[in-house]
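**Student:** Here you go, one structure.
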Amino acid sequence: MEFEFCKLEIFLPESHLEAVQQALWSVDAGHIGRYDCCLSYSPVIGAWRPLAGTAPYLGRMGEVCHAPELKVEVTCRTDRVEETVAAVKRAHPYEEPVINVIPLYRTGL
């Protein structure tokens, strides 16, 4: 089954919300009908442990880090998902950003 749209879930520090928003909008993510720049975000607490050879944005190698983050959710066309993920990665401060791409079976579109 082909999916015309997908949803991206992006976890990031609040300090980088505006940069990621601009990156998303530069590739037309969040365009729904006659509206654009549509997304939602909510506060979450993230946890991770940097392993040997990493250069973490937050935390110290070998120690579990817990920190407030934002979970950003945005819809994009599946045929533009690769360029959308690339745009997010350019604006995102994490060495290994969490960007989940979820196919949408049905939307309000």
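We name chains A, B, ... following the order of the structure tokens; residues begin at 1 in each chain, and ligands are numbered from 1 as shown.
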Just the helix (DSSP H, G or I) stuff from chain A, please, per backbone DSSP, written as a ChimeraX atom specification.
**Tutor:** /A:14-26,78-91
**Student:** Suppose we keep N, CA, C and O atoms; can you now write the selection as a JSON list (two decimals), in the first residue's frame?
**Tutor:**
```
[["chain", "number", "residue", "atom", "x", "y", "z"],
["A", 14, "GLU", "N", 14.39, 22.66, 23.31],
["A", 14, "GLU", "CA", 13.53, 23.81, 23.02],
["A", 14, "GLU", "C", 14.30, 24.94, 22.34],
["A", 14, "GLU", "O", 13.75, 25.66, 21.50],
["A", 15, "SER", "N", 15.57, 25.07, 22.64],
["A", 15, "SER", "CA", 16.38, 26.14, 22.06],
["A", 15, "SER", "C", 16.47, 26.07, 20.54],
["A", 15, "SER", "O", 16.78, 27.07, 19.89],
["A", 16, "HIS", "N", 16.16, 24.92, 19.95],
["A", 16, "HIS", "CA", 16.28, 24.75, 18.50],
["A", 16, "HIS", "C", 14.93, 24.62, 17.78],
["A", 16, "HIS", "O", 14.89, 24.28, 16.60],
["A", 17, "LEU", "N", 13.86, 24.91, 18.49],
["A", 17, "LEU", "CA", 12.53, 24.81, 17.86],
["A", 17, "LEU", "C", 12.41, 25.71, 16.64],
["A", 17, "LEU", "O", 11.99, 25.28, 15.58],
["A", 18, "GLU", "N", 12.78, 26.97, 16.78],
["A", 18, "GLU", "CA", 12.62, 27.90, 15.66],
["A", 18, "GLU", "C", 13.45, 27.48, 14.44],
["A", 18, "GLU", "O", 12.97, 27.52, 13.31],
["A", 19, "ALA", "N", 14.67, 27.03, 14.66],
["A", 19, "ALA", "CA", 15.53, 26.60, 13.54],
["A", 19, "ALA", "C", 14.93, 25.39, 12.84],
["A", 19, "ALA", "O", 14.93, 25.32, 11.60],
["A", 20, "VAL", "N", 14.39, 24.45, 13.60],
["A", 20, "VAL", "CA", 13.78, 23.26, 12.99],
["A", 20, "VAL", "C", 12.48, 23.63, 12.28],
["A", 20, "VAL", "O", 12.20, 23.13, 11.18],
["A", 21, "GLN", "N", 11.70, 24.53, 12.87],
["A", 21, "GLN", "CA", 10.48, 25.00, 12.18],
["A", 21, "GLN", "C", 10.84, 25.60, 10.83],
["A", 21, "GLN", "O", 10.20, 25.28, 9.81],
["A", 22, "GLN", "N", 11.81, 26.47, 10.79],
["A", 22, "GLN", "CA", 12.21, 27.10, 9.53],
["A", 22, "GLN", "C", 12.68, 26.05, 8.52],
["A", 22, "GLN", "O", 12.38, 26.15, 7.33],
["A", 23, "ALA", "N", 13.42, 25.05, 9.00],
["A", 23, "ALA", "CA", 13.88, 23.99, 8.11],
["A", 23, "ALA", "C", 12.70, 23.21, 7.54],
["A", 23, "ALA", "O", 12.66, 22.90, 6.34],
["A", 24, "LEU", "N", 11.73, 22.90, 8.38],
["A", 24, "LEU", "CA", 10.54, 22.17, 7.92],
["A", 24, "LEU", "C", 9.76, 22.98, 6.90],
["A", 24, "LEU", "O", 9.36, 22.49, 5.84],
["A", 25, "TRP", "N", 9.57, 24.24, 7.19],
["A", 25, "TRP", "CA", 8.78, 25.08, 6.30],
["A", 25, "TRP", "C", 9.50, 25.36, 4.99],
["A", 25, "TRP", "O", 8.87, 25.57, 3.97],
["A", 26, "SER", "N", 10.83, 25.32, 5.01],
["A", 26, "SER", "CA", 11.59, 25.55, 3.78],
["A", 26, "SER", "C", 11.38, 24.44, 2.75],
["A", 26, "SER", "O", 11.62, 24.65, 1.57],
["A", 78, "THR", "N", 4.96, 11.99, 1.47],
["A", 78, "THR", "CA", 5.90, 10.88, 1.49],
["A", 78, "THR", "C", 6.97, 11.04, 0.41],
["A", 78, "THR", "O", 8.13, 10.71, 0.64],
["A", 79, "ASP", "N", 6.60, 11.60, -0.73],
["A", 79, "ASP", "CA", 7.59, 11.77, -1.80],
["A", 79, "ASP", "C", 8.62, 12.86, -1.48],
["A", 79, "ASP", "O", 9.59, 13.03, -2.22],
["A", 80, "ARG", "N", 8.43, 13.58, -0.37],
["A", 80, "ARG", "CA", 9.39, 14.61, 0.04],
["A", 80, "ARG", "C", 10.06, 14.30, 1.38],
["A", 80, "ARG", "O", 10.74, 15.14, 1.94],
["A", 81, "VAL", "N", 9.86, 13.08, 1.87],
["A", 81, "VAL", "CA", 10.35, 12.76, 3.21],
["A", 81, "VAL", "C", 11.88, 12.79, 3.29],
["A", 81, "VAL", "O", 12.42, 13.24, 4.30],
["A", 82, "GLU", "N", 12.58, 12.35, 2.27],
["A", 82, "GLU", "CA", 14.05, 12.34, 2.34],
["A", 82, "GLU", "C", 14.61, 13.76, 2.45],
["A", 82, "GLU", "O", 15.48, 14.02, 3.27],
["A", 83, "GLU", "N", 14.10, 14.68, 1.64],
["A", 83, "GLU", "CA", 14.59, 16.06, 1.73],
["A", 83, "GLU", "C", 14.14, 16.73, 3.03],
["A", 83, "GLU", "O", 14.85, 17.57, 3.57],
["A", 84, "THR", "N", 12.98, 16.32, 3.56],
["A", 84, "THR", "CA", 12.51, 16.88, 4.82],
["A", 84, "THR", "C", 13.40, 16.43, 5.97],
["A", 84, "THR", "O", 13.82, 17.24, 6.80],
["A", 85, "VAL", "N", 13.72, 15.14, 6.03],
["A", 85, "VAL", "CA", 14.60, 14.62, 7.08],
["A", 85, "VAL", "C", 15.98, 15.27, 6.97],
["A", 85, "VAL", "O", 16.58, 15.67, 7.98],
["A", 86, "ALA", "N", 16.49, 15.43, 5.76],
["A", 86, "ALA", "CA", 17.80, 16.07, 5.56],
["A", 86, "ALA", "C", 17.78, 17.51, 6.06],
["A", 86, "ALA", "O", 18.74, 17.97, 6.70],
["A", 87, "ALA", "N", 16.70, 18.24, 5.80],
["A", 87, "ALA", "CA", 16.59, 19.63, 6.26],
["A", 87, "ALA", "C", 16.57, 19.70, 7.78],
["A", 87, "ALA", "O", 17.21, 20.56, 8.38],
["A", 88, "VAL", "N", 15.84, 18.78, 8.41],
["A", 88, "VAL", "CA", 15.79, 18.74, 9.87],
["A", 88, "VAL", "C", 17.17, 18.45, 10.44],
["A", 88, "VAL", "O", 17.62, 19.12, 11.38],
["A", 89, "LYS", "N", 17.87, 17.49, 9.86],
["A", 89, "LYS", "CA", 19.21, 17.13, 10.36],
["A", 89, "LYS", "C", 20.18, 18.31, 10.27],
["A", 89, "LYS", "O", 21.03, 18.49, 11.15],
["A", 90, "ARG", "N", 20.06, 19.12, 9.24],
["A", 90, "ARG", "CA", 20.94, 20.29, 9.11],
["A", 90, "ARG", "C", 20.69, 21.31, 10.22],
["A", 90, "ARG", "O", 21.60, 22.02, 10.63],
["A", 91, "ALA", "N", 19.45, 21.40, 10.71],
["A", 91, "ALA", "CA", 19.10, 22.40, 11.73],
["A", 91, "ALA", "C", 19.16, 21.85, 13.15],
["A", 91, "ALA", "O", 19.11, 22.62, 14.10]]
```
**Student:** With a distance cut-off of 9 Å and only C-alpha atoms, select the neighbouring residues of Val101 of chain A, excluding the residue or stretch itself and same-chain residues fewer than 2 positions from it, and output the selection as number ranges by chain.
**Tutor:** A: 6-10, 81, 85, 99, 103
**Student:** Produce a file of the selected residues containing N, CA, C and O atoms, as a CSV table (one decimal), in the first residue's frame.
**Tutor:**
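Heads up, here's the output in part08.csv:
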```csv
chain,number,residue,atom,x,y,z
A,6,CYS,N,3.0,11.2,5.5
A,6,CYS,CA,3.5,10.6,6.7
A,6,CYS,C,3.6,11.7,7.7
A,6,CYS,O,3.5,12.9,7.5
A,7,LYS,N,3.9,11.3,8.9
A,7,LYS,CA,4.0,12.2,10.1
A,7,LYS,C,5.5,12.0,10.6
A,7,LYS,O,5.9,10.9,10.7
A,8,LEU,N,6.1,13.1,10.8
A,8,LEU,CA,7.4,13.1,11.5
A,8,LEU,C,7.3,13.4,12.9
A,8,LEU,O,6.6,14.4,13.3
A,9,GLU,N,7.9,12.7,13.8
A,9,GLU,CA,8.1,13.0,15.2
A,9,GLU,C,9.6,13.3,15.4
A,9,GLU,O,10.4,12.5,15.0
A,10,ILE,N,9.8,14.5,15.9
A,10,ILE,CA,11.2,15.0,16.0
A,10,ILE,C,11.4,15.4,17.5
A,10,ILE,O,10.6,16.2,18.0
A,81,VAL,N,9.9,13.1,1.9
A,81,VAL,CA,10.3,12.8,3.2
A,81,VAL,C,11.9,12.8,3.3
A,81,VAL,O,12.4,13.2,4.3
A,85,VAL,N,13.7,15.1,6.0
A,85,VAL,CA,14.6,14.6,7.1
A,85,VAL,C,16.0,15.3,7.0
A,85,VAL,O,16.6,15.7,8.0
A,99,ILE,N,14.3,11.1,14.7
A,99,ILE,CA,13.3,11.6,13.7
A,99,ILE,C,12.5,10.3,13.3
A,99,ILE,O,13.0,9.5,12.5
A,103,PRO,N,4.1,6.4,8.4
A,103,PRO,CA,3.1,6.5,7.3
A,103,PRO,C,1.7,6.7,7.9
A,103,PRO,O,1.3,6.2,8.9
```
**Student:** What is the distance between atom CA of Tyr35 of chain A and atom CA of Val72 of chain A, in Å to one decimal?
**Tutor:** 17.7 Å
**Student:** Using only C-alpha atoms, which protein or nucleic acid residues come within 10 Å of segment 61-63 of chain A? Drop anything in the same chain fewer than 6 positions from it, and give the result as a list of chain:residue names.
**Tutor:**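 The filter keeps A:Trp48, A:Arg49, A:Pro50, A:Leu51, A:Ala52, A:Gly53, A:Thr54, A:Ala55.
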**Student:** Include C-alpha atoms and write out the residues we just selected as a compact mmCIF listing (two decimals), in the first residue's frame.
**Tutor:**
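Written out: again_5.txt:
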```txt
# COMPACT_ATOMS: atom_id res chain seq x y z
CA TRP A 48 19.99 8.69 26.66
CA ARG A 49 23.50 7.51 27.42
CA PRO A 50 26.34 8.67 25.17
CA LEU A 51 28.65 5.75 24.34
CA ALA A 52 32.37 5.73 23.57
CA GLY A 53 33.29 7.79 20.53
CA THR A 54 30.33 10.16 20.73
CA ALA A 55 30.28 13.94 20.97
```
**Student:** Give the strand (DSSP E or B) residues of chain A, as DSSP finds them on the backbone, and put them as a ChimeraX atom specification.
**Tutor:** /A:5-12,32,35,40-48,65-77,99-104
**Student:** For Pro93 of chain A, which residue among A:Pro56, A:His66, A:Ala29, A:Asp36 is the nearest when counting only C-alpha atoms?
**Tutor:**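 Looking only at the distances to Pro93 of chain A, the closest residue turns out to be A:Pro56.
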**Student:** Can you list, as JSON, numbers by chain, every protein, DNA or RNA residue that comes within 6 Å of Phe11 of chain A when you count only C-alpha atoms, leaving out same-chain residues fewer than 5 positions away?
**Tutor:** {"A": [70, 71, 98]}
**Student:** With only C-alpha atoms as the basis for distance, which of A:Phe3, A:Ala47, A:Pro13, A:Cys38 is at the shortest distance from Glu69 of chain A?
**Tutor:**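 Closest to Glu69 of chain A, using only C-alpha atoms: A:Pro13.
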**Student:** How many Å lie between atom CA of Cys76 of chain A and atom CA of Val44 of chain A, rounded to one decimal?
**Tutor:**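 Calculated distance between atom CA of Cys76 of chain A and atom CA of Val44 of chain A is 22.4 Å.
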**Student:** So what do you get for atom CA of Thr75 of chain A versus atom CA of Leu58 of chain A, distance-wise?
**Tutor:**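 Distance reported for this atom pair: 27.7 Å.
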